[in-house]
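Here the structure comes first, spelled out in structure tokens, and everything after it is commentary.
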Amino acid sequence: MMPEIRAARPEEAEAVLETLCAAFDLNSAAARPIFYADPYYDLSHKRVLALPDVGIVSCLTIVPTLLRIGGAAVPVAGVAGVATRPAFQHQGFAGSLLAATLPALWDELGYPLSSLHPVSAPFYRRLGWETASSILSWSAVPSSLLQYAEADCVRPATSGDWPVMAALHTELTRTGTGTCLRDSRRWALVQMNVPGREIYVYEEMGGIAGYVLWERGETLEILEMLGQTPSARRGLAGFLARQPGPLVHWPSSPALLAAFGFSSVNKQPEPDIMLRPVSLEASLEALHSAHFGPVLGEKSHSLTFCVSDALCPENARPLRLTPIAVEVGSASDRHWLRTDIQTLGPLLMGYSLPSDAHRQGLLTTDSPETLALADQLFPLRSPYITPLDQS
């Protein structure tokens with residue numbers, strides 16, 4: 001049976017929902033209002049694999065994201081909810097759906113990059129995604145945390161606090177690679193009434209200077225915590241210390257943990273989000289003015305990429321970075337890098353250096369000078385994506 005892979009049709013919305021519920025063992029009656037109330041509900045962003053005389057057996061959802069990478073904000077297709085009905089699992093349908101969806105992400109929807117939070121990294125790695133961010137899993141017993149008097153300035157958030165929280169988030173994450181620039185839909189997703197979710201703000205001198213969102217269960221799971229001032233960070237940390245329960249857990253970054261005075265000694269970052277270029281040319285263009293143009297202009301150099309990509313053949317065209325543009329290159333260009341699409345995702349994100357990939361045999365180049373230039377074009381950026389933006 002030849003599958004049909006495409007965007008979901010209006011009359012197929014219920015079939016998509018039933019596929020998700022069957023795959024993840026969800027109660028369809030409970031899931032239905034959440035499914036249709038999703039601020040990102042858009043059938044053009046729900047891709048399906050349908051079989052003749054059977055219907056939809058596999059589906060996925062594309063979540064629009066504007067991701068900060070260094071000084072650039074890049075449209076990224078977040079892939080979520082990859083699901084196959086139990087009777088059709090382990091037959092390659094999810095892989096076929098993902099492979100056919102990749103070209104459509106750019107050709108039909110205009111996303112140069114794709115990201116996902118993997119359940120099975122090896123499965124997605126075979127399709128060109130690769131780990132491009134990390135997260136530090138910090139936990140502590142609340143009663144072991146330092147007590148601060150500023151905790152008295154923390155109160156429950158109200159609906160009127162949201163615009164201030166949004167402005168605070170924009171200000172405090174302005175330079176962080178991995179930050180999502182949140183539009184009204186993403187903030188609506190944050191505000192959804194999720195069981196156990198609680199939101200508090202730190203108020204000083206009549207203004208909000210910090211906030212925390214968590215979900216309370218057996219463990220207090222922090223989704224996001226930001227403080228603008230030292231007193232705000234002390235207040236939120238002290239408020240955590242007052243919470244009941246055996247454990248507080250915060251998947252965070254070393255920089256954030258240090259800012260709040262939480263120790264991350266003897267803890268190692270864990271692999272997190274995976275990234276894949278969908279259109280290599282568009283990905284490079286999105287980063288050019290902020291990253292490549294200034295460096296190449298100063299060096300008076302160009303750099304040509306020769307990249308292999310079995311699923312998106314257009315990416316195999318040589319592309320030349322110059323001080324002013326991204327243009328079609330040649331395999332005979334003087335300064336070049338050769339690699340595969342899987343290796344390129346972490347480089348674009350700043351998760352690893354070209355010289356690291358070269359030492360691992362994942363990248364070749366014409367000279368040490370070109371490799372040193374590539375390290376300047378793709379510097380380390382310590383990307384971190386808050387758990388709140390991974391849903």
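Residues are referred to by chain and number: the chain letter is A, B, ... according to the order shown in the structure tokens, the number counts from 1 in that chain, and ligands are numbered separately from 1 in the order shown.
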What are the closest atom pairs, with distances in Å to one decimal, for each residue of region 256-285 of chain A lying within 12 Å of region 202-224 of chain A, using only C-alpha atoms, rows by chain and rising residue number, as a tab-separated table?
```
residue	atom	partner	partner_atom	distance
A:Leu256	CA	A:Glu224	CA	10.2
A:Leu257	CA	A:Glu224	CA	11.6
A:Phe260	CA	A:Gly210	CA	11.5
```
Practice item. Using only C-alpha atoms, determine which residues lie at most 12 Å from region 353-369 of chain A, disregarding the query and same-chain residues fewer than 3 positions distant; provide the list as a PyMOL selection string. Key: chain A and resi 132+299+301+303-308+331-350+372-382
Practice item. Tell me which protein, DNA and RNA residues are within 10 Å of Arg186 (chain A), counting only C-alpha atoms, leaving out same-chain ones fewer than 3 positions away, and put them as a list in words. Key: Asp38, Pro39, Tyr40, Val63, Pro64, Thr65, Cys180, Leu181, Arg182, Asp183, Leu189, Val190, Gln191, Leu388, Asp389 and Ser391 of chain A
Residue selection dump (C-alpha atoms) as a PDB file, in the first residue's frame:
```
ATOM      1  CA  ASP A  38      -3.904  24.791  21.440  1.00  0.00           C
ATOM      2  CA  PRO A  39      -2.876  28.328  20.375  1.00  0.00           C
ATOM      3  CA  TYR A  40      -0.838  26.701  17.587  1.00  0.00           C
ATOM      4  CA  VAL A  63       5.273  24.222  16.113  1.00  0.00           C
ATOM      5  CA  PRO A  64       6.465  27.621  14.789  1.00  0.00           C
ATOM      6  CA  THR A  65       9.407  29.024  16.716  1.00  0.00           C
ATOM      7  CA  CYS A 180      12.498  31.584  21.842  1.00  0.00           C
ATOM      8  CA  LEU A 181      11.127  34.999  20.934  1.00  0.00           C
ATOM      9  CA  ARG A 182       7.615  34.552  22.284  1.00  0.00           C
ATOM     10  CA  ASP A 183       4.673  35.857  20.315  1.00  0.00           C
ATOM     11  CA  LEU A 189       0.538  28.375  25.642  1.00  0.00           C
ATOM     12  CA  VAL A 190       2.499  29.343  28.760  1.00  0.00           C
ATOM     13  CA  GLN A 191      -0.692  30.657  30.378  1.00  0.00           C
ATOM     14  CA  LEU A 388       8.890  26.081  28.994  1.00  0.00           C
ATOM     15  CA  ASP A 389       9.711  26.447  25.294  1.00  0.00           C
ATOM     16  CA  SER A 391       6.458  21.944  24.588  1.00  0.00           C
TER      17      SER A 391
END
```
Exercise for review: For Ala7 (chain A), please output as a PyMOL selection string all residues within 12 Å (counting only C-alpha atoms; exclusion window: fewer than 4 positions along the same chain).
Suggested key: chain A and resi 11-13+16+42-50+56+58-62+97+100-101+104-105+108-109
**Study point:** DSSP alpha helix (DSSP H) residues within region 51-228 of chain A, listed as a ChimeraX atom specification
**Key:** /A:93-107,121-125,162-172,184-191
Using only N, CA and C atoms, please write the residues we just selected to a file, as a short mmCIF file (atom, residue, chain, number, x, y, z; two decimals), in the first residue's frame.
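File written: selection.cif
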```cif
data_model
loop_
_atom_site.label_atom_id
_atom_site.label_comp_id
_atom_site.auth_asym_id
_atom_site.auth_seq_id
_atom_site.Cartn_x
_atom_site.Cartn_y
_atom_site.Cartn_z
N PHE A 93 6.74 3.80 9.30
CA PHE A 93 5.84 4.88 8.88
C PHE A 93 6.25 6.24 9.45
N ALA A 94 6.67 6.28 10.70
CA ALA A 94 7.09 7.57 11.29
C ALA A 94 8.31 8.12 10.57
N GLY A 95 9.27 7.24 10.25
CA GLY A 95 10.45 7.67 9.52
C GLY A 95 10.10 8.19 8.13
N SER A 96 9.18 7.50 7.45
CA SER A 96 8.75 7.95 6.12
C SER A 96 8.05 9.30 6.21
N LEU A 97 7.23 9.49 7.23
CA LEU A 97 6.54 10.76 7.41
C LEU A 97 7.53 11.89 7.64
N LEU A 98 8.51 11.67 8.51
CA LEU A 98 9.51 12.69 8.78
C LEU A 98 10.34 13.01 7.54
N ALA A 99 10.76 11.99 6.82
CA ALA A 99 11.60 12.20 5.63
C ALA A 99 10.85 12.99 4.57
N ALA A 100 9.56 12.69 4.38
CA ALA A 100 8.79 13.41 3.37
C ALA A 100 8.41 14.81 3.83
N THR A 101 8.33 15.01 5.15
CA THR A 101 7.96 16.32 5.67
C THR A 101 9.11 17.32 5.57
N LEU A 102 10.34 16.83 5.65
CA LEU A 102 11.50 17.72 5.68
C LEU A 102 11.52 18.74 4.54
N PRO A 103 11.45 18.32 3.26
CA PRO A 103 11.46 19.33 2.20
C PRO A 103 10.29 20.32 2.29
N ALA A 104 9.14 19.83 2.75
CA ALA A 104 7.97 20.70 2.84
C ALA A 104 8.14 21.79 3.89
N LEU A 105 8.97 21.55 4.90
CA LEU A 105 9.16 22.56 5.94
C LEU A 105 9.65 23.87 5.35
N TRP A 106 10.54 23.78 4.34
CA TRP A 106 11.00 25.00 3.68
C TRP A 106 10.15 25.34 2.45
N ASP A 107 9.92 24.36 1.58
CA ASP A 107 9.25 24.62 0.31
C ASP A 107 7.82 25.13 0.50
N ALA A 121 17.21 9.57 20.36
CA ALA A 121 18.15 10.35 19.54
C ALA A 121 18.67 9.56 18.34
N PRO A 122 19.01 8.26 18.48
CA PRO A 122 19.51 7.52 17.30
C PRO A 122 18.51 7.49 16.15
N PHE A 123 17.22 7.42 16.44
CA PHE A 123 16.20 7.39 15.39
C PHE A 123 16.24 8.68 14.57
N TYR A 124 16.28 9.83 15.26
CA TYR A 124 16.27 11.11 14.55
C TYR A 124 17.64 11.41 13.92
N ARG A 125 18.70 10.89 14.53
CA ARG A 125 20.04 11.10 13.99
C ARG A 125 20.16 10.49 12.59
N TRP A 162 1.05 39.53 33.29
CA TRP A 162 1.60 38.87 32.11
C TRP A 162 2.35 39.82 31.18
N PRO A 163 1.83 41.01 30.86
CA PRO A 163 2.60 41.90 29.98
C PRO A 163 3.96 42.27 30.56
N VAL A 164 4.03 42.45 31.88
CA VAL A 164 5.30 42.80 32.51
C VAL A 164 6.25 41.60 32.47
N MET A 165 5.71 40.40 32.72
CA MET A 165 6.53 39.20 32.64
C MET A 165 7.08 38.99 31.23
N ALA A 166 6.24 39.26 30.22
CA ALA A 166 6.69 39.12 28.84
C ALA A 166 7.82 40.09 28.52
N ALA A 167 7.67 41.33 28.97
CA ALA A 167 8.72 42.33 28.74
C ALA A 167 10.00 41.95 29.48
N LEU A 168 9.85 41.41 30.69
CA LEU A 168 11.01 40.99 31.48
C LEU A 168 11.73 39.83 30.78
N HIS A 169 10.96 38.88 30.28
CA HIS A 169 11.55 37.75 29.56
C HIS A 169 12.34 38.24 28.35
N THR A 170 11.77 39.15 27.58
CA THR A 170 12.45 39.69 26.40
C THR A 170 13.77 40.35 26.79
N GLU A 171 13.75 41.13 27.86
CA GLU A 171 14.94 41.86 28.29
C GLU A 171 16.02 40.92 28.80
N LEU A 172 15.65 39.93 29.61
CA LEU A 172 16.65 39.08 30.26
C LEU A 172 17.18 37.97 29.37
N SER A 184 2.32 36.16 20.85
CA SER A 184 1.13 36.03 21.69
C SER A 184 0.68 34.57 21.81
N ARG A 185 0.88 33.78 20.75
CA ARG A 185 0.48 32.37 20.83
C ARG A 185 1.34 31.59 21.82
N ARG A 186 2.64 31.87 21.81
CA ARG A 186 3.51 31.14 22.74
C ARG A 186 3.21 31.55 24.18
N TRP A 187 2.94 32.83 24.42
CA TRP A 187 2.58 33.24 25.77
C TRP A 187 1.23 32.65 26.17
N ALA A 188 0.31 32.51 25.21
CA ALA A 188 -0.97 31.87 25.52
C ALA A 188 -0.75 30.42 25.92
N LEU A 189 0.21 29.75 25.28
CA LEU A 189 0.54 28.37 25.64
C LEU A 189 1.09 28.31 27.06
N VAL A 190 1.93 29.28 27.41
CA VAL A 190 2.50 29.34 28.76
C VAL A 190 1.39 29.53 29.80
N GLN A 191 0.37 30.32 29.43
CA GLN A 191 -0.69 30.66 30.38
C GLN A 191 -1.79 29.60 30.49
#
```
Practice item. For region 20-31 of chain A, please output as a PyMOL selection string all residues within 10 Å (counting only C-alpha atoms; exclusion window: fewer than 2 positions along the same chain). Key: chain A and resi 14-18+33-36+57-60+81-89
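Taking CA of Gln390 (chain A) as the reference point, CA of Ala72 (chain A) is found at 19.6 Å.
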Review point. With only C-alpha atoms as the basis for distance, which of A:Leu311, A:Ala282, A:Val326, A:Ala73 is at the shortest distance from Pro112 (chain A)?
Key: A:Ala282
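With only C-alpha atoms as the basis for measurement, A:Gly227 is the residue among A:Gly227, A:Pro313, A:Pro75, A:Gly92 that approaches Val154 (chain A) most closely.
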Exercise for review: Can you pull out every residue within 12 Å of Ser120 (chain A), counting only C-alpha atoms, but drop anything in the same chain fewer than 4 positions away, and send it as an NGL selection string?
Suggested key: :A and (82 or 116 or 124-127 or 129-131 or 271-274)
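For the pair CA of Tyr111 (chain A) and CA of Thr173 (chain A), the interatomic distance is 22.4 Å.
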Point to revise | Interatomic distance (Å, one decimal) between CA of Ala140 (chain A) and CA of His249 (chain A) | key: 6.7 Å
